[in-house]
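Source file: query_38.pdb; contents: PDB, C-alpha atoms.
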```
MODEL        1
ATOM      1  CA  MET Z   1       6.038  -8.204  78.928
ATOM      2  CA  ALA Z   2       4.391  -7.854  75.543
ATOM      3  CA  ALA Z   3       6.520  -7.129  72.484
ATOM      4  CA  PRO Z   4       6.317  -3.504  71.346
ATOM      5  CA  GLU Z   5       4.049  -2.787  68.349
ATOM      6  CA  ALA Z   6       5.973  -2.534  65.098
ATOM      7  CA  ILE Z   7       5.867   0.955  63.646
ATOM      8  CA  ILE Z   8       7.067   1.736  60.136
ATOM      9  CA  SER Z   9       7.883   5.365  59.482
ATOM     10  CA  TYR Z  10       8.843   6.786  56.099
ATOM     11  CA  GLY Z  11       9.324  10.229  57.506
ATOM     12  CA  ASN Z  12       7.900  13.474  56.199
ATOM     13  CA  PHE Z  13       8.027  13.606  52.393
ATOM     14  CA  SER Z  14       8.620  17.004  50.889
ATOM     15  CA  ALA Z  15       8.273  15.307  47.477
ATOM     16  CA  PRO Z  16       6.666  12.008  46.358
ATOM     17  CA  LEU Z  17       8.990   9.012  46.217
ATOM     18  CA  LEU Z  18       8.690   6.712  43.190
ATOM     19  CA  THR Z  19       9.687   3.257  44.420
ATOM     20  CA  ALA Z  20       8.707   1.099  41.426
ATOM     21  CA  GLU Z  21       7.423   1.431  37.866
ATOM     22  CA  SER Z  22       6.616  -0.955  35.053
ATOM     23  CA  TYR Z  23       5.253  -0.552  31.514
ATOM     24  CA  ARG Z  24       3.468  -2.516  28.867
ATOM     25  CA  ARG Z  25       4.249  -0.880  25.564
ATOM     26  CA  ARG Z  26       1.840  -1.189  22.640
ATOM     27  CA  ARG Z  27       2.293  -0.554  18.945
ATOM     28  CA  ASP Z  28      -1.395  -0.036  18.229
ATOM     29  CA  GLY Z  29      -2.553   2.053  21.165
ATOM     30  CA  LEU Z  30      -1.671   3.604  24.502
ATOM     31  CA  ASP Z  31       0.954   2.085  26.794
ATOM     32  CA  ASP Z  32       0.047   0.829  30.259
ATOM     33  CA  GLY Z  33       1.995   2.201  33.214
ATOM     34  CA  ILE Z  34       2.023   0.882  36.792
ATOM     35  CA  PHE Z  35       3.626   3.167  39.377
ATOM     36  CA  THR Z  36       4.300   2.700  43.092
ATOM     37  CA  ILE Z  37       4.634   6.054  44.841
ATOM     38  CA  VAL Z  38       4.972   6.945  48.503
ATOM     39  CA  ASN Z  39       3.871  10.318  49.885
ATOM     40  CA  ASN Z  40       1.937  11.891  52.744
ATOM     41  CA  ASP Z  41      -1.420  12.356  50.946
ATOM     42  CA  ALA Z  42      -3.958   9.589  50.282
ATOM     43  CA  ASP Z  43      -5.869  11.673  47.720
ATOM     44  CA  SER Z  44      -3.070  13.072  45.604
ATOM     45  CA  TYR Z  45      -3.589  10.811  42.533
ATOM     46  CA  PRO Z  46      -7.293  10.815  41.600
ATOM     47  CA  PRO Z  47      -8.534   9.163  38.375
ATOM     48  CA  ASP Z  48      -8.088  11.279  35.209
ATOM     49  CA  SER Z  49      -5.240  13.261  36.764
ATOM     50  CA  ASN Z  50      -1.819  13.239  35.144
ATOM     51  CA  TYR Z  51       1.374  11.602  36.275
ATOM     52  CA  ASN Z  52       4.514  11.918  34.185
ATOM     53  CA  GLY Z  53       2.522  12.270  30.954
ATOM     54  CA  PHE Z  54       0.222   9.323  31.796
ATOM     55  CA  THR Z  55      -3.483   9.597  32.580
ATOM     56  CA  ILE Z  56      -4.344   7.844  35.837
ATOM     57  CA  LEU Z  57      -7.076   5.231  35.613
ATOM     58  CA  ASP Z  58      -7.186   4.193  39.256
ATOM     59  CA  ASP Z  59      -5.174   4.385  42.462
ATOM     60  CA  ASN Z  60      -5.147   2.034  45.450
ATOM     61  CA  PRO Z  61      -3.547   3.981  48.323
ATOM     62  CA  VAL Z  62      -2.438   1.899  51.332
ATOM     63  CA  ARG Z  63      -1.420   3.456  54.649
ATOM     64  CA  ILE Z  64       1.985   2.331  55.818
ATOM     65  CA  GLY Z  65       2.898   3.870  59.118
ATOM     66  CA  ASP Z  66       2.600   7.607  58.742
ATOM     67  CA  ALA Z  67       2.803   7.540  54.909
ATOM     68  CA  TRP Z  68       0.685   6.420  51.959
ATOM     69  CA  GLU Z  69       1.816   3.955  49.326
ATOM     70  CA  HIS Z  70      -0.028   4.390  46.024
ATOM     71  CA  GLN Z  71      -0.480   1.615  43.447
ATOM     72  CA  ILE Z  72      -1.342   3.575  40.297
ATOM     73  CA  ASN Z  73      -2.581   2.204  36.960
ATOM     74  CA  ALA Z  74      -2.313   4.668  34.096
ATOM     75  CA  VAL Z  75      -2.226   4.946  30.294
ATOM     76  CA  GLY Z  76      -0.047   7.105  28.098
ATOM     77  CA  ILE Z  77       2.881   6.997  25.709
ATOM     78  CA  LYS Z  78       6.237   5.894  27.117
ATOM     79  CA  GLY Z  79       9.057   8.320  26.526
ATOM     80  CA  GLY Z  80       7.111  11.509  27.076
ATOM     81  CA  LYS Z  81       5.832  11.682  23.505
ATOM     82  CA  PRO Z  82       2.404  13.281  23.125
ATOM     83  CA  SER Z  83       1.407  11.380  19.962
ATOM     84  CA  ARG Z  84       1.772   8.010  18.275
ATOM     85  CA  MET Z  85       0.833   7.118  14.704
ATOM     86  CA  ILE Z  86      -0.473   3.571  14.886
ATOM     87  CA  LYS Z  87      -1.441   2.988  11.258
ATOM     88  CA  ARG Z  88      -0.843   4.423   7.784
ATOM     89  CA  THR Z  89      -2.347   3.197   4.505
ATOM     90  CA  ILE Z  90      -1.262   4.558   1.102
ATOM     91  CA  SER Z  91      -3.123   3.935  -2.148
ATOM     92  CA  GLU Z  92      -1.362   4.954  -5.367
ATOM     93  CA  SER Z  93      -3.300   5.224  -8.612
ATOM     94  CA  LEU Z  94      -1.915   4.984 -12.140
ATOM     95  CA  GLU Z  95      -4.253   7.814 -13.057
ATOM     96  CA  GLY Z  96      -5.921  10.428 -10.882
ATOM     97  CA  TRP Z  97      -5.381  11.271  -7.234
ATOM     98  CA  ASP Z  98      -3.371   9.222  -4.780
ATOM     99  CA  THR Z  99      -4.970   8.755  -1.366
ATOM    100  CA  ALA Z 100      -3.793   7.849   2.118
ATOM    101  CA  SER Z 101      -5.125   7.490   5.641
ATOM    102  CA  GLU Z 102      -3.565   7.619   9.106
ATOM    103  CA  THR Z 103      -4.679   6.712  12.618
ATOM    104  CA  TRP Z 104      -3.176   8.596  15.561
ATOM    105  CA  ILE Z 105      -3.365   8.297  19.336
ATOM    106  CA  THR Z 106      -2.534  11.666  20.878
ATOM    107  CA  ASN Z 107      -3.165  14.081  23.725
ATOM    108  CA  ILE Z 108      -3.037  16.989  21.262
ATOM    109  CA  ARG Z 109      -6.458  17.434  19.692
ATOM    110  CA  THR Z 110      -5.019  19.377  16.741
ATOM    111  CA  GLU Z 111      -2.120  16.993  16.061
ATOM    112  CA  VAL Z 112      -3.447  16.501  12.510
ATOM    113  CA  ARG Z 113      -5.327  19.433  11.003
ATOM    114  CA  LYS Z 114      -7.119  19.907   7.715
ATOM    115  CA  GLY Z 115      -4.684  21.300   5.177
ATOM    116  CA  SER Z 116      -1.632  19.805   6.891
ATOM    117  CA  ARG Z 117       0.848  17.737   4.867
ATOM    118  CA  MET Z 118       1.556  14.074   5.483
ATOM    119  CA  SER Z 119       4.952  13.407   7.014
ATOM    120  CA  GLY Z 120       7.395  12.294   4.317
ATOM    121  CA  TYR Z 121       5.005  13.224   1.475
ATOM    122  CA  THR Z 122       4.810  16.981   1.008
ATOM    123  CA  ASN Z 123       2.255  16.748  -1.816
ATOM    124  CA  MET Z 124      -0.291  14.781   0.240
ATOM    125  CA  VAL Z 125      -2.810  17.066   1.958
ATOM    126  CA  CYS Z 126      -5.128  16.219   4.869
ATOM    127  CA  GLU Z 127      -8.725  16.977   3.918
ATOM    128  CA  ASN Z 128     -11.015  15.777   6.694
ATOM    129  CA  PRO Z 129      -9.515  14.664  10.021
ATOM    130  CA  SER Z 130     -11.971  12.982  12.374
ATOM    131  CA  VAL Z 131     -11.316  13.343  16.125
ATOM    132  CA  GLU Z 132     -12.661  10.824  18.651
ATOM    133  CA  GLU Z 133     -12.425  11.656  22.353
ATOM    134  CA  LEU Z 134     -11.289   8.534  24.210
ATOM    135  CA  GLU Z 135     -12.597   7.412  27.583
ATOM    136  CA  PHE Z 136      -9.232   8.382  29.058
ATOM    137  CA  LEU Z 137      -9.373  12.086  29.809
ATOM    138  CA  GLY Z 138      -7.191  14.180  27.510
ATOM    139  CA  TRP Z 139      -6.553  11.482  24.885
ATOM    140  CA  PHE Z 140      -7.865  11.385  21.326
ATOM    141  CA  ARG Z 141      -7.940   9.032  18.344
ATOM    142  CA  ILE Z 142      -7.585  10.894  15.048
ATOM    143  CA  GLN Z 143      -8.525   9.376  11.696
ATOM    144  CA  ALA Z 144      -7.001  11.488   8.922
ATOM    145  CA  SER Z 145      -7.502  11.104   5.167
ATOM    146  CA  TYR Z 146      -5.172  12.595   2.569
ATOM    147  CA  ARG Z 147      -5.337  13.369  -1.148
ATOM    148  CA  GLY Z 148      -2.541  14.412  -3.474
ATOM    149  CA  ILE Z 149       0.500  13.068  -5.297
ATOM    150  CA  ILE Z 150       2.792  10.315  -3.979
ATOM    151  CA  ASP Z 151       5.016   9.955  -7.053
ATOM    152  CA  PRO Z 152       5.412  13.083  -9.202
ATOM    153  CA  ALA Z 153       6.414  10.890 -12.155
ATOM    154  CA  LYS Z 154       2.832   9.694 -12.657
ATOM    155  CA  PRO Z 155       2.124   9.245 -16.407
ATOM    156  CA  VAL Z 156      -0.220  11.441 -18.421
ATOM    157  CA  LYS Z 157      -3.539   9.874 -19.427
ATOM    158  CA  ARG Z 158      -4.647  10.503 -23.015
ATOM    159  CA  THR Z 159      -8.307  10.035 -23.968
ATOM    160  CA  ILE Z 160      -9.403  10.320 -27.615
ATOM    161  CA  SER Z 161     -13.027  10.708 -28.660
ATOM    162  CA  SER Z 162     -14.262  11.155 -32.213
ATOM    163  CA  ASN Z 163     -17.441  11.822 -34.109
ATOM    164  CA  VAL Z 164     -18.535  13.284 -37.453
ATOM    165  CA  ASP Z 165     -20.779  16.093 -38.635
ATOM    166  CA  ILE Z 166     -22.488  15.426 -41.988
ATOM    167  CA  SER Z 167     -23.225  18.350 -44.288
ATOM    168  CA  VAL Z 168     -24.236  18.454 -47.965
ATOM    169  CA  VAL Z 169     -22.104  20.683 -50.215
ATOM    170  CA  ASP Z 170     -22.938  21.525 -53.843
ATOM    171  CA  ASN Z 171     -20.433  21.943 -56.665
ATOM    172  CA  LEU Z 172     -17.410  20.682 -54.731
ATOM    173  CA  VAL Z 173     -14.206  19.068 -55.994
ATOM    174  CA  LEU Z 174     -12.738  16.496 -53.645
ATOM    175  CA  VAL Z 175      -9.332  14.897 -54.027
ATOM    176  CA  GLY Z 176      -8.352  11.657 -52.369
ATOM    177  CA  ALA Z 177      -9.599   8.123 -51.987
ATOM    178  CA  GLY Z 178     -13.221   8.043 -53.091
ATOM    179  CA  GLY Z 179     -13.129  11.624 -54.420
ATOM    180  CA  ASP Z 180     -13.111  13.146 -57.926
ATOM    181  CA  SER Z 181     -10.197  15.444 -58.697
ATOM    182  CA  SER Z 182     -11.627  16.544 -62.063
ATOM    183  CA  ASN Z 183     -15.314  17.235 -61.632
ATOM    184  CA  ALA Z 184     -17.430  19.138 -59.148
ATOM    185  CA  HIS Z 185     -20.267  17.236 -57.505
ATOM    186  CA  LYS Z 186     -22.794  17.509 -54.758
ATOM    187  CA  TRP Z 187     -21.169  15.766 -51.812
ATOM    188  CA  ALA Z 188     -22.349  14.698 -48.363
ATOM    189  CA  VAL Z 189     -19.173  15.495 -46.472
ATOM    190  CA  ALA Z 190     -18.376  13.880 -43.104
ATOM    191  CA  TRP Z 191     -16.439  16.503 -41.185
ATOM    192  CA  PRO Z 192     -14.237  14.916 -38.514
ATOM    193  CA  LYS Z 193     -14.872  15.956 -34.914
ATOM    194  CA  VAL Z 194     -11.965  14.722 -32.810
ATOM    195  CA  THR Z 195     -11.225  15.623 -29.202
ATOM    196  CA  VAL Z 196      -8.145  14.654 -27.198
ATOM    197  CA  THR Z 197      -8.047  15.083 -23.431
ATOM    198  CA  PHE Z 198      -4.806  14.950 -21.439
ATOM    199  CA  SER Z 199      -5.270  14.357 -17.702
ATOM    200  CA  TYR Z 200      -2.349  14.798 -15.317
ATOM    201  CA  LEU Z 201      -1.438  15.736 -11.757
ATOM    202  CA  GLY Z 202       1.012  18.478 -10.960
ATOM    203  CA  VAL Z 203       2.100  21.287  -8.682
ATOM    204  CA  GLY Z 204       1.809  24.889  -9.840
ATOM    205  CA  ILE Z 205       0.247  24.103 -13.237
ATOM    206  CA  GLN Z 206      -0.506  27.410 -14.976
ATOM    207  CA  GLN Z 207      -3.626  28.022 -17.013
ATOM    208  CA  LYS Z 208      -3.054  28.546 -20.744
ATOM    209  CA  PRO Z 209      -4.742  31.199 -22.892
ATOM    210  CA  MET Z 210      -7.626  29.879 -24.944
ATOM    211  CA  PRO Z 211      -8.124  29.039 -27.644
ATOM    212  CA  ALA Z 212      -4.449  28.078 -27.904
ATOM    213  CA  GLN Z 213      -3.069  26.640 -31.110
ATOM    214  CA  GLY Z 214      -0.404  24.086 -31.846
ATOM    215  CA  GLY Z 215       0.212  21.138 -29.563
ATOM    216  CA  SER Z 216       0.284  20.100 -25.955
ATOM    217  CA  PRO Z 217       3.545  19.309 -24.168
ATOM    218  CA  ALA Z 218       1.505  16.826 -22.138
ATOM    219  CA  GLY Z 219       1.265  14.316 -25.001
ATOM    220  CA  GLN Z 220       1.042  13.548 -28.683
ATOM    221  CA  LEU Z 221      -1.855  14.836 -30.773
ATOM    222  CA  PRO Z 222      -2.846  12.642 -33.751
ATOM    223  CA  THR Z 223      -2.453  13.788 -37.344
ATOM    224  CA  ILE Z 224      -5.721  14.448 -39.195
ATOM    225  CA  GLN Z 225      -6.012  15.262 -42.891
ATOM    226  CA  LEU Z 226      -8.984  16.164 -45.063
ATOM    227  CA  ALA Z 227      -8.289  16.898 -48.739
ATOM    228  CA  LEU Z 228     -10.460  19.858 -49.704
ATOM    229  CA  THR Z 229      -8.310  21.243 -52.478
ATOM    230  CA  SER Z 230     -10.724  23.394 -54.481
ATOM    231  CA  LEU Z 231     -13.405  25.712 -53.130
ATOM    232  CA  PRO Z 232     -15.595  27.139 -55.931
ATOM    233  CA  ASN Z 233     -16.588  30.795 -55.894
ATOM    234  CA  GLY Z 234     -19.848  31.572 -54.180
ATOM    235  CA  SER Z 235     -19.853  28.400 -52.071
ATOM    236  CA  ASP Z 236     -21.252  28.939 -48.618
ATOM    237  CA  PHE Z 237     -18.137  27.998 -46.677
ATOM    238  CA  THR Z 238     -17.021  29.263 -43.275
ATOM    239  CA  TYR Z 239     -13.327  29.693 -42.572
ATOM    240  CA  ASN Z 240     -12.430  28.831 -38.967
ATOM    241  CA  TRP Z 241      -9.657  30.277 -36.858
ATOM    242  CA  PRO Z 242      -7.883  28.979 -34.910
ATOM    243  CA  ASN Z 243      -7.898  25.818 -36.934
ATOM    244  CA  ASP Z 244      -6.011  22.533 -36.754
ATOM    245  CA  TRP Z 245      -5.561  21.575 -33.068
ATOM    246  CA  ARG Z 246      -6.750  24.112 -30.529
ATOM    247  CA  LEU Z 247      -7.089  24.085 -26.750
ATOM    248  CA  VAL Z 248     -10.731  24.689 -25.900
ATOM    249  CA  SER Z 249     -10.922  23.849 -22.197
ATOM    250  CA  MET Z 250      -8.560  23.384 -19.236
ATOM    251  CA  PRO Z 251     -10.471  22.527 -16.051
ATOM    252  CA  GLN Z 252      -8.433  22.081 -12.869
ATOM    253  CA  ASP Z 253      -9.456  20.268  -9.691
ATOM    254  CA  GLU Z 254      -7.242  22.006  -7.139
ATOM    255  CA  ILE Z 255      -6.914  20.931  -3.509
ATOM    256  CA  PRO Z 256      -8.111  23.956  -1.499
ATOM    257  CA  GLY Z 257      -5.338  26.090  -0.082
ATOM    258  CA  THR Z 258      -2.653  24.511  -2.295
ATOM    259  CA  ASN Z 259      -1.371  24.663  -5.861
ATOM    260  CA  ILE Z 260      -1.678  20.880  -6.280
ATOM    261  CA  SER Z 261      -4.165  20.077  -9.006
ATOM    262  CA  LEU Z 262      -5.573  17.473 -11.339
ATOM    263  CA  THR Z 263      -5.572  19.200 -14.722
ATOM    264  CA  GLN Z 264      -7.340  18.287 -17.937
ATOM    265  CA  GLU Z 265      -6.329  19.806 -21.267
ATOM    266  CA  VAL Z 266      -9.125  19.398 -23.813
ATOM    267  CA  TRP Z 267      -7.872  19.761 -27.387
ATOM    268  CA  GLU Z 268     -10.257  19.896 -30.340
ATOM    269  CA  TRP Z 269      -9.360  19.453 -33.980
ATOM    270  CA  GLN Z 270     -10.967  22.216 -36.026
ATOM    271  CA  GLN Z 271     -11.398  21.955 -39.767
ATOM    272  CA  LYS Z 272     -10.112  25.050 -41.573
ATOM    273  CA  VAL Z 273     -13.325  25.357 -43.605
ATOM    274  CA  THR Z 274     -16.797  24.114 -42.794
ATOM    275  CA  VAL Z 275     -20.253  24.523 -44.229
TER     276      VAL Z 275
ENDMDL
END
```

Taking this structure as input, can you express it in the form of structure tokens?
Amino acid sequence: MAAPEAIISYGNFSAPLLTAESYRRRRDGLDDGIFTIVNNDADSYPPDSNYNGFTILDDNPVRIGDAWEHQINAVGIKGGKPSRMIKRTISESLEGWDTASETWITNIRTEVRKGSRMSGYTNMVCENPSVEELEFLGWFRIQASYRGIIDPAKPVKRTISSNVDISVVDNLVLVGAGGDSSNAHKWAVAWPKVTVTFSYLGVGIQQKPMPAQGGSPAGQLPTIQLALTSLPNGSDFTYNWPNDWRLVSMPQDEIPGTNISLTQEVWEWQQKVTV
């Protein structure tokens, strides 16, 4: 008498049975998942479908008795997280904007959006995220670039530029080195033209009324002296106001949608009298 044929029966599964799982976790990309599942349906895990947050790459179903054992290869992020930042680069500048970039693997297409702030750095703003659709359905690689301020204690940059305007003045008394305090002469006077620009980053920097007089809290303005001590009657002089140091321009490069800006205060030294 022949031996009876061996029959393996798993019974009728009302729910799939996970019998084994293994993972290969990666720092710089998606994790690999291998799952062994038993159920009653050979076609229940097609490629690109989802299992436990992982995207299925392929399935090798094998019939065992009256059930199906599935050997599933999938990719995803272990722990049920939808996103993983795999790289961040920060570039700090002594002057001007700081910049940064991030690379994300995620199943949320809008994980990083333009105008969003970088985690841990509230004054760094995402300007142009680039989204790449991966070959695995539902997964994306996002390249995000940021601009803003890493360290609010960044120093102020002072730039000084100078030039002269030459004008000829008749019947003028000049006091000082090279002048004549007693007699009026015809002089070719070099009027100083000095400009100081303060450049700095900040949050909520308010515009100042112009032309403002006095000094800038951003930095030190140099002292300039010109000894015109006697102006004869009838001379064709122009009196200027405001004079001394005056703020003539204050351009701001503001990140759109924020109050974070790179500000430049342009101060000009104005002679009290000119020809």

Legend entry - Polymer residues at most 10 Å from Asp48 of chain Z, all atoms listed in the file, same-chain spacing of 4 or more positions, as a PyMOL selection string: chain Z and resi 54-58+74-75+135-138

Inset, instruction - Check what the PyMOL selection byres ((chain Z and resi 76-78) around 8) selects in the file above and give those residues as number ranges by chain. - result: Z: 23, 25, 30-33, 53-55, 74-75, 79-84

With C-alpha atoms retained, could you export that selection as a PDB file, in the coordinates of the input?
```
ATOM      1  CA  TYR Z  23       5.253  -0.552  31.514  1.00  0.00           C
ATOM      2  CA  ARG Z  25       4.249  -0.880  25.564  1.00  0.00           C
ATOM      3  CA  LEU Z  30      -1.671   3.604  24.502  1.00  0.00           C
ATOM      4  CA  ASP Z  31       0.954   2.085  26.794  1.00  0.00           C
ATOM      5  CA  ASP Z  32       0.047   0.829  30.259  1.00  0.00           C
ATOM      6  CA  GLY Z  33       1.995   2.201  33.214  1.00  0.00           C
ATOM      7  CA  GLY Z  53       2.522  12.270  30.954  1.00  0.00           C
ATOM      8  CA  PHE Z  54       0.222   9.323  31.796  1.00  0.00           C
ATOM      9  CA  THR Z  55      -3.483   9.597  32.580  1.00  0.00           C
ATOM     10  CA  ALA Z  74      -2.313   4.668  34.096  1.00  0.00           C
ATOM     11  CA  VAL Z  75      -2.226   4.946  30.294  1.00  0.00           C
ATOM     12  CA  GLY Z  79       9.057   8.320  26.526  1.00  0.00           C
ATOM     13  CA  GLY Z  80       7.111  11.509  27.076  1.00  0.00           C
ATOM     14  CA  LYS Z  81       5.832  11.682  23.505  1.00  0.00           C
ATOM     15  CA  PRO Z  82       2.404  13.281  23.125  1.00  0.00           C
ATOM     16  CA  SER Z  83       1.407  11.380  19.962  1.00  0.00           C
ATOM     17  CA  ARG Z  84       1.772   8.010  18.275  1.00  0.00           C
TER      18      ARG Z  84
END
```

Legend entry - Gap from atom CA of Leu94 of chain Z to atom CA of Pro155 of chain Z - Å, one decimal: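 Computed distance, atom CA of Leu94 of chain Z to atom CA of Pro155 of chain Z, equals 7.3 Å.
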
Inset, instruction - For atom CA of Trp191 of chain Z and atom CA of Ser167 of chain Z, quote the distance in Å rounded to one decimal. - result: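 Between these atoms lies a distance of 7.7 Å.
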
Inset, instruction - Go through the shown structure with the PyMOL selection byres ((chain Z and resi 244) around 9) and write out the matching residues as number ranges by chain. - result: Z: 213-214, 224, 241-243, 245-246, 268-272

Restricting it to C-alpha atoms, dump the selection as a short mmCIF file (atom, residue, chain, number, x, y, z; two decimals), keeping the file's coordinate frame.
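Written output follows (part-v3.cif):
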```
data_model
loop_
_atom_site.label_atom_id
_atom_site.label_comp_id
_atom_site.auth_asym_id
_atom_site.auth_seq_id
_atom_site.Cartn_x
_atom_site.Cartn_y
_atom_site.Cartn_z
CA GLN Z 213 -3.07 26.64 -31.11
CA GLY Z 214 -0.40 24.09 -31.85
CA ILE Z 224 -5.72 14.45 -39.20
CA TRP Z 241 -9.66 30.28 -36.86
CA PRO Z 242 -7.88 28.98 -34.91
CA ASN Z 243 -7.90 25.82 -36.93
CA TRP Z 245 -5.56 21.58 -33.07
CA ARG Z 246 -6.75 24.11 -30.53
CA GLU Z 268 -10.26 19.90 -30.34
CA TRP Z 269 -9.36 19.45 -33.98
CA GLN Z 270 -10.97 22.22 -36.03
CA GLN Z 271 -11.40 21.96 -39.77
CA LYS Z 272 -10.11 25.05 -41.57
#
```

Legend entry - Among listed residues Z:Pro222, Z:Gly202, Z:Pro46, Z:Gly65, nearest Ile149 of chain Z (using all atoms listed in the file):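 Looking only at the distances to Ile149 of chain Z, the closest residue turns out to be Z:Gly202.
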
Inset, instruction - Give me the result of the PyMOL selection byres ((chain Z and resi 256) around 12) on this file, residue by residue, as a ChimeraX atom specification. - result: /Z:114-116,125-128,147-148,252-255,257-261

Inset, instruction - Could you tell me how far atom CA of Ala100 of chain Z lies from atom CA of Arg113 of chain Z, in Å and to one decimal? - result: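 Computed distance, atom CA of Ala100 of chain Z to atom CA of Arg113 of chain Z, equals 14.7 Å.
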
Legend entry - Option closest in space to Asp170 of chain Z, from Z:Val62, Z:Glu111, Z:Ala153, Z:Phe237 [counting all atoms listed in the file]: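 Counting all atoms listed in the file, the residue closest to Asp170 of chain Z is Z:Phe237.
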